Amino acid sequence: MNIKKPYVICHMLGSVDGRIKQDIWEFRDHHKYFEETAEKIQADAWLVGRVTMEEFSSKKKYLIDAEVDSVPKEDFVADTQAKTYAVVIDPLGKCFWDSNMVSTEYVIEVLTEGVASGYLEHLRKKNVSYIFAGKNDLDLDLVLRKLYLLFNIKTVRIDGGGHVNGSFLNAGLIDEFSLVLAPVADGTIGSPTVFEAQEGYENRRATQFSIKSVERIYDDFLWIRYLVIKEAVKR
Ligand SMILES: NC(=O)c1ccc[n+]([C@@H]2O[C@H](COP(=O)([O-])OP(=O)(O)OC[C@H]3O[C@@H](n4cnc5c(N)ncnc54)[C@H](OP(=O)(O)O)[C@@H]3O)[C@@H](O)[C@H]2O)c1
């Protein structure tokens, strides 16, 4: 049986040394380099890791009721008019929500069964959709299949950070990589890079790309779009 899942494009703004935190880059309109290019990539959803989503989720302290155990650990598709979505990989439910939207997109939480029942109650109160994709560890292939099946998401743009990108890369689930290469060398040891996949060199190969397009933008930036080569090649 052909199990359907979305086409996956990872989009990032990176320094020439692959770093992604812009704390010392000193760009005046630093959001525009990422966002104006991202908007040109047609997608039904964008997806980020829990750390990145904390910029967009609630800053309030919500208390969850530890006594609640009545909410079943089953997928919940909120009744909305949604056509586009903001998906967060949040295995233990650390993001809280004042509403079920980020900008014009409806939120989908991706959880493991390790999440507290009281947290599910919070999501239901805010009419936030959620899906389960594993008991303790996330099955990212299952995440994609559920996004397609339950929300009709046919193209997803993964917008970072480095850990979420790295885990999709490691699972062989990225089809395209869109890199806005910023004209800076950052050099911060230990700061996240575009792909944070795994320590050491054991049991894996680097992922290889072919170029789809290259464009010079904002004078000194390059927007490079790559296709992932799925079969290993020796150049
Ligand atoms: N330059 C750019 O284009 C760009 C784009 C996006 C973000 N950023 C920056 O990147 C930084 C954040 O990047 P980051 O790499 O530290 O964090 P991240 O990828 O945003 O989030 C990592 C967290 O997501 C969850 N997660 C991700 N993959 C998972 C998996 N396979 N299984 C289980 N949980 C998973 C875990 O949450 P738990 O810890 O809750 O388990 C993990 O700690 C921020 O500074 C942000 O501003 C830059």
# chains A, B, ... in the order shown; residues from 1 in each chain; ligands from 1
$ residues_near_ligand --ligand "ligand 1" --cutoff "7 Å" --atoms "only C-alpha atoms and all ligand atoms" --output "MDAnalysis selection string"
chainID A and resid 11:14 20:22 34 48:53 89:92 94 137:138 140 159:165 167:168 192 196
$ select_by_dssp --residues "region 16-216 of chain A" --states "strand (DSSP E)" --output "ChimeraX atom specification"
/A:45-49,85-89,101-102,105-111,129-132,155-158,176-181,208-216
$ select_by_dssp --residues "region 33-143 of chain A" --states "helix (DSSP H, G or I)" --output "list in words"
Tyr33, Phe34, Glu35, Glu36, Thr37, Ala38, Arg50, Val51, Thr52, Met53, Ser117, Gly118, Tyr119, Leu120, Glu121, His122, Leu123, Arg124, Lys125, Leu140, Asp141, Leu142 and Val143 of chain A
$ write_last_selection --atoms "N, CA, C and O atoms" --output "CSV table (one decimal), in the first residue's frame"
chain,number,residue,atom,x,y,z
A,33,TYR,N,15.1,38.3,6.3
A,33,TYR,CA,15.9,37.4,5.4
A,33,TYR,C,15.3,36.0,5.5
A,33,TYR,O,15.3,35.3,4.5
A,34,PHE,N,14.8,35.6,6.6
A,34,PHE,CA,14.2,34.3,6.7
A,34,PHE,C,12.8,34.3,6.2
A,34,PHE,O,12.4,33.5,5.4
A,35,GLU,N,12.0,35.3,6.6
A,35,GLU,CA,10.5,35.3,6.3
A,35,GLU,C,10.2,35.6,4.9
A,35,GLU,O,9.3,34.9,4.3
A,36,GLU,N,10.8,36.6,4.3
A,36,GLU,CA,10.5,36.9,2.9
A,36,GLU,C,10.8,35.8,1.9
A,36,GLU,O,10.1,35.5,0.9
A,37,THR,N,11.8,35.0,2.2
A,37,THR,CA,12.1,33.8,1.4
A,37,THR,C,11.2,32.7,1.7
A,37,THR,O,10.7,32.0,0.8
A,38,ALA,N,10.9,32.5,3.0
A,38,ALA,CA,10.0,31.4,3.4
A,38,ALA,C,8.6,31.6,2.7
A,38,ALA,O,8.0,30.6,2.3
A,50,ARG,N,10.3,22.5,19.7
A,50,ARG,CA,9.7,23.2,20.9
A,50,ARG,C,10.5,24.4,21.3
A,50,ARG,O,9.9,25.5,21.6
A,51,VAL,N,11.8,24.4,21.2
A,51,VAL,CA,12.6,25.6,21.6
A,51,VAL,C,12.2,26.8,20.7
A,51,VAL,O,12.0,27.9,21.1
A,52,THR,N,12.2,26.6,19.4
A,52,THR,CA,11.8,27.6,18.4
A,52,THR,C,10.4,28.1,18.6
A,52,THR,O,10.1,29.3,18.6
A,53,MET,N,9.5,27.2,18.9
A,53,MET,CA,8.1,27.6,19.1
A,53,MET,C,7.8,28.4,20.3
A,53,MET,O,6.9,29.2,20.4
A,117,SER,N,-1.9,14.2,31.3
A,117,SER,CA,-3.3,14.3,30.9
A,117,SER,C,-3.9,15.8,31.1
A,117,SER,O,-4.6,16.3,30.3
A,118,GLY,N,-3.4,16.4,32.2
A,118,GLY,CA,-3.8,17.8,32.5
A,118,GLY,C,-3.4,18.8,31.3
A,118,GLY,O,-4.1,19.8,31.1
A,119,TYR,N,-2.3,18.5,30.7
A,119,TYR,CA,-1.8,19.3,29.6
A,119,TYR,C,-2.8,19.1,28.4
A,119,TYR,O,-3.1,20.1,27.7
A,120,LEU,N,-3.3,17.9,28.2
A,120,LEU,CA,-4.3,17.7,27.1
A,120,LEU,C,-5.5,18.5,27.4
A,120,LEU,O,-6.2,19.0,26.4
A,121,GLU,N,-5.9,18.6,28.6
A,121,GLU,CA,-7.1,19.4,29.0
A,121,GLU,C,-6.9,20.8,28.6
A,121,GLU,O,-7.7,21.5,28.1
A,122,HIS,N,-5.6,21.3,28.9
A,122,HIS,CA,-5.3,22.7,28.5
A,122,HIS,C,-5.5,22.9,26.9
A,122,HIS,O,-6.1,23.8,26.5
A,123,LEU,N,-4.9,21.9,26.2
A,123,LEU,CA,-5.0,22.0,24.7
A,123,LEU,C,-6.5,22.0,24.3
A,123,LEU,O,-6.9,22.8,23.4
A,124,ARG,N,-7.3,21.1,24.9
A,124,ARG,CA,-8.7,21.0,24.5
A,124,ARG,C,-9.5,22.3,24.8
A,124,ARG,O,-10.3,22.8,24.0
A,125,LYS,N,-9.1,22.9,26.0
A,125,LYS,CA,-9.8,24.2,26.4
A,125,LYS,C,-9.5,25.2,25.3
A,125,LYS,O,-10.3,26.1,25.1
A,140,LEU,N,9.0,10.0,13.5
A,140,LEU,CA,8.8,11.2,12.6
A,140,LEU,C,8.1,10.8,11.3
A,140,LEU,O,7.4,11.6,10.7
A,141,ASP,N,8.3,9.6,10.9
A,141,ASP,CA,7.6,9.1,9.7
A,141,ASP,C,6.0,9.1,10.0
A,141,ASP,O,5.2,9.6,9.2
A,142,LEU,N,5.7,8.6,11.1
A,142,LEU,CA,4.3,8.6,11.6
A,142,LEU,C,3.7,10.0,11.7
A,142,LEU,O,2.6,10.3,11.3
A,143,VAL,N,4.6,10.9,12.2
A,143,VAL,CA,4.1,12.4,12.3
A,143,VAL,C,3.7,12.8,10.9
A,143,VAL,O,2.6,13.4,10.8
$ residues_around --residues "Asn152 (chain A)" --least-positions-apart "4" --cutoff "9 Å" --atoms "only C-alpha atoms" --output "PyMOL selection string"
chain A and resi 6+44+83+146-148
$ closest_residue --among "A:Gln198, A:Asn100, A:Ser213, A:Thr80" --to "Leu179 (chain A)" --atoms "only C-alpha atoms"
A:Ser213
$ residues_around --residues "Ala82 (chain A)" --least-positions-apart "4" --cutoff "9 Å" --atoms "only C-alpha atoms" --output "MDAnalysis selection string"
chainID A and resid 105:106 151
$ write_last_selection --atoms "N, CA, C and O atoms" --output "PDB file, in the first residue's frame"
ATOM      1  N   GLU A 105      -2.006  30.796  11.085  1.00  0.00           N
ATOM      2  CA  GLU A 105      -1.966  29.324  11.043  1.00  0.00           C
ATOM      3  C   GLU A 105      -2.512  28.708  12.325  1.00  0.00           C
ATOM      4  O   GLU A 105      -2.318  29.258  13.412  1.00  0.00           O
ATOM      5  N   TYR A 106      -3.173  27.570  12.162  1.00  0.00           N
ATOM      6  CA  TYR A 106      -3.710  26.843  13.318  1.00  0.00           C
ATOM      7  C   TYR A 106      -2.650  25.884  13.869  1.00  0.00           C
ATOM      8  O   TYR A 106      -1.969  25.198  13.096  1.00  0.00           O
ATOM      9  N   PHE A 151      -4.969  16.119   8.430  1.00  0.00           N
ATOM     10  CA  PHE A 151      -5.068  17.566   8.167  1.00  0.00           C
ATOM     11  C   PHE A 151      -4.888  17.923   6.686  1.00  0.00           C
ATOM     12  O   PHE A 151      -4.859  19.096   6.345  1.00  0.00           O
TER      13      PHE A 151
END
$ atom_distance --atom1 "CA of Leu63 (chain A)" --atom2 "CA of Val77 (chain A)"
23.2 Å
$ atom_distance --atom1 "CA of Phe132 (chain A)" --atom2 "CA of Glu199 (chain A)"
26.9 Å
$ residues_around --residues "Ser178 (chain A)" --least-positions-apart "6" --cutoff "8 Å" --atoms "only C-alpha atoms" --output "number ranges by chain"
A: 9-12, 223-226
$ residues_around --residues "Ile217 (chain A)" --least-positions-apart "3" --cutoff "10 Å" --atoms "only C-alpha atoms" --output "PyMOL selection string"
chain A and resi 33+37+180-182+214+220-223
$ closest_residue --among "A:Tyr85, A:Phe76, A:Trp97, A:Tyr218" --to "Leu111 (chain A)" --atoms "only C-alpha atoms"
A:Phe76
$ closest_residue --among "A:Ala206, A:Ile108, A:Val228, A:Ala185" --to "Ile24 (chain A)" --atoms "only C-alpha atoms"
A:Ala185
$ residues_around --residues "Ile229 (chain A)" --least-positions-apart "6" --cutoff "8 Å" --atoms "only C-alpha atoms" --output "PyMOL selection string"
chain A and resi 207-210
$ write_last_selection --atoms "N, CA, C and O atoms" --output "PDB file, in the first residue's frame"
ATOM      1  N   THR A 207      24.357  13.489   4.265  1.00  0.00           N
ATOM      2  CA  THR A 207      23.320  13.594   3.236  1.00  0.00           C
ATOM      3  C   THR A 207      23.840  14.459   2.095  1.00  0.00           C
ATOM      4  O   THR A 207      24.411  15.524   2.338  1.00  0.00           O
ATOM      5  N   GLN A 208      23.640  13.987   0.888  1.00  0.00           N
ATOM      6  CA  GLN A 208      24.154  14.741  -0.267  1.00  0.00           C
ATOM      7  C   GLN A 208      23.010  15.459  -0.986  1.00  0.00           C
ATOM      8  O   GLN A 208      21.865  14.995  -0.976  1.00  0.00           O
ATOM      9  N   PHE A 209      23.357  16.581  -1.608  1.00  0.00           N
ATOM     10  CA  PHE A 209      22.360  17.405  -2.299  1.00  0.00           C
ATOM     11  C   PHE A 209      22.773  17.657  -3.743  1.00  0.00           C
ATOM     12  O   PHE A 209      23.964  17.606  -4.066  1.00  0.00           O
ATOM     13  N   SER A 210      21.784  17.984  -4.563  1.00  0.00           N
ATOM     14  CA  SER A 210      22.077  18.589  -5.864  1.00  0.00           C
ATOM     15  C   SER A 210      21.397  19.959  -5.870  1.00  0.00           C
ATOM     16  O   SER A 210      20.397  20.160  -5.170  1.00  0.00           O
TER      17      SER A 210
END
$ closest_residue --among "A:Thr84, A:Phe96, A:Gln42, A:Thr155" --to "Tyr62 (chain A)" --atoms "only C-alpha atoms"
A:Phe96
$ closest_residue --among "A:Ile131, A:Ala197, A:Leu149, A:Ala86" --to "Glu113 (chain A)" --atoms "only C-alpha atoms"
A:Ile131
